[in-house]
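A.B. asks: Before we start, here is the structure in question, set down as structure tokens.
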Amino acid sequence: MSVFVLLFNARTDNEGIYSTQVGDRNVILMFEQEDDAVRYADQLEAEDFPKPTVEGIDPEEIEEFCQDSDYDFILVTSEMLVTPPTQNIEETDWQPDGRKQSPADDDSIDLEAMRKRLERLL
């Protein structure tokens with residue numbers, strides 16, 4: 001089974017994965033359905049985010065990445081309604097034009113709080 005994630009500059013040296021902040025934690029969204037990921041990507045672009053690419057990937061690969069990077073993840077099912085933030089964060093370690101910045105300090109998120117927040121949206 002594959003899940004779908006949003007990548008910026010896919011398959012380049014400056015590839016970045018989309019994450020959102022919940023509290024003080026970075027959370028990667030893994031979409032169960034490709035159509036939902038595409039819709040979310042379109043909504044991001046409408047909010048003036050860079051255009052992401054939807055990529056299918058093994059969920060275990062994302063889980064391992066999150067563990068190594070101290071990120072959290074959530075599987076977005078078709079029953080969930082998620083909307084992107086209305087603004088982008090000011091500092092990232094990824095830039096759309098290919099310039100790299102120094103890595104941002106990792107913060108720490110309560111995954112259960114994220115789940116509860118998403119469930120309230122239903």
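Naming works like this for the structure tokens: A, B, ... for the chains as they're shown, residue 1 at the start of each chain, ligands 1 onward in shown order.
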What's the 9 Å shell around Pro84 (chain A), counting only C-alpha atoms, without same-chain residues fewer than 5 positions away, as a short mmCIF file (atom, residue, chain, number, x, y, z; two decimals) with N, CA and C atoms, in the first residue's frame?
C.D. replies:
data_model
loop_
_atom_site.label_atom_id
_atom_site.label_comp_id
_atom_site.auth_asym_id
_atom_site.auth_seq_id
_atom_site.Cartn_x
_atom_site.Cartn_y
_atom_site.Cartn_z
N THR A 20 3.21 20.44 8.35
CA THR A 20 2.46 21.52 8.98
C THR A 20 2.81 21.51 10.46
N TYR A 40 -5.52 18.98 -1.75
CA TYR A 40 -4.81 19.72 -0.72
C TYR A 40 -3.67 20.54 -1.35
N ALA A 41 -2.96 19.93 -2.29
CA ALA A 41 -1.87 20.65 -2.99
C ALA A 41 -2.42 21.87 -3.72
N GLN A 43 -5.08 23.55 -2.90
CA GLN A 43 -5.45 24.54 -1.88
C GLN A 43 -4.21 25.27 -1.37
N LEU A 44 -3.11 24.54 -1.21
CA LEU A 44 -1.86 25.20 -0.79
C LEU A 44 -1.44 26.25 -1.81
N GLU A 47 -3.20 29.37 -1.59
CA GLU A 47 -2.79 30.18 -0.44
C GLU A 47 -1.38 30.75 -0.63
#
A.B. asks: Among region 7-59 of chain A, which residues carry a DSSP assignment of strand (DSSP E), reported as a ChimeraX atom specification?
C.D. replies: /A:7-8,16-17,19-22,25-31,53-57
A.B. asks: Nearest residue to Ile74 (chain A) out of A:Pro52, A:Pro59, A:Asp24, A:Arg39, using only C-alpha atoms?
C.D. replies: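 Once distances to Ile74 (chain A) are computed over only C-alpha atoms, the minimum belongs to A:Pro59.
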A.B. asks: Can you work out which one of A:Phe49, A:Phe8, A:Phe65, A:Phe73 has the shortest atom-to-atom distance to Ile28 (chain A), counting only C-alpha atoms?
C.D. replies: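 Counting only C-alpha atoms, the residue closest to Ile28 (chain A) is A:Phe73.
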A.B. asks: As an exercise, work out the distance from CA of Ser78 (chain A) to CA of Glu60 (chain A) in Å and give it to one decimal place.
C.D. replies: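 Rounded to one decimal, the two atoms are 19.9 Å apart.
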A.B. asks: What is the CA of Ile57 (chain A) to CA of Asn14 (chain A) distance in Å?
C.D. replies: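 Separating CA of Ile57 (chain A) from CA of Asn14 (chain A) is a distance of 18.1 Å.
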A.B. asks: Any idea what the distance is between CA of Thr77 (chain A) and CA of Gln33 (chain A)?
C.D. replies: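 Computing the Euclidean distance for CA of Thr77 (chain A) and CA of Gln33 (chain A) yields 7.1 Å.
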A.B. asks: Considering only C-alpha atoms, state which residue in the set A:Asp36, A:Glu15, A:Asp48, A:Glu55 is at the smallest distance from Leu81 (chain A).
C.D. replies: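 Under the stated criterion, the closest residue is A:Asp36.
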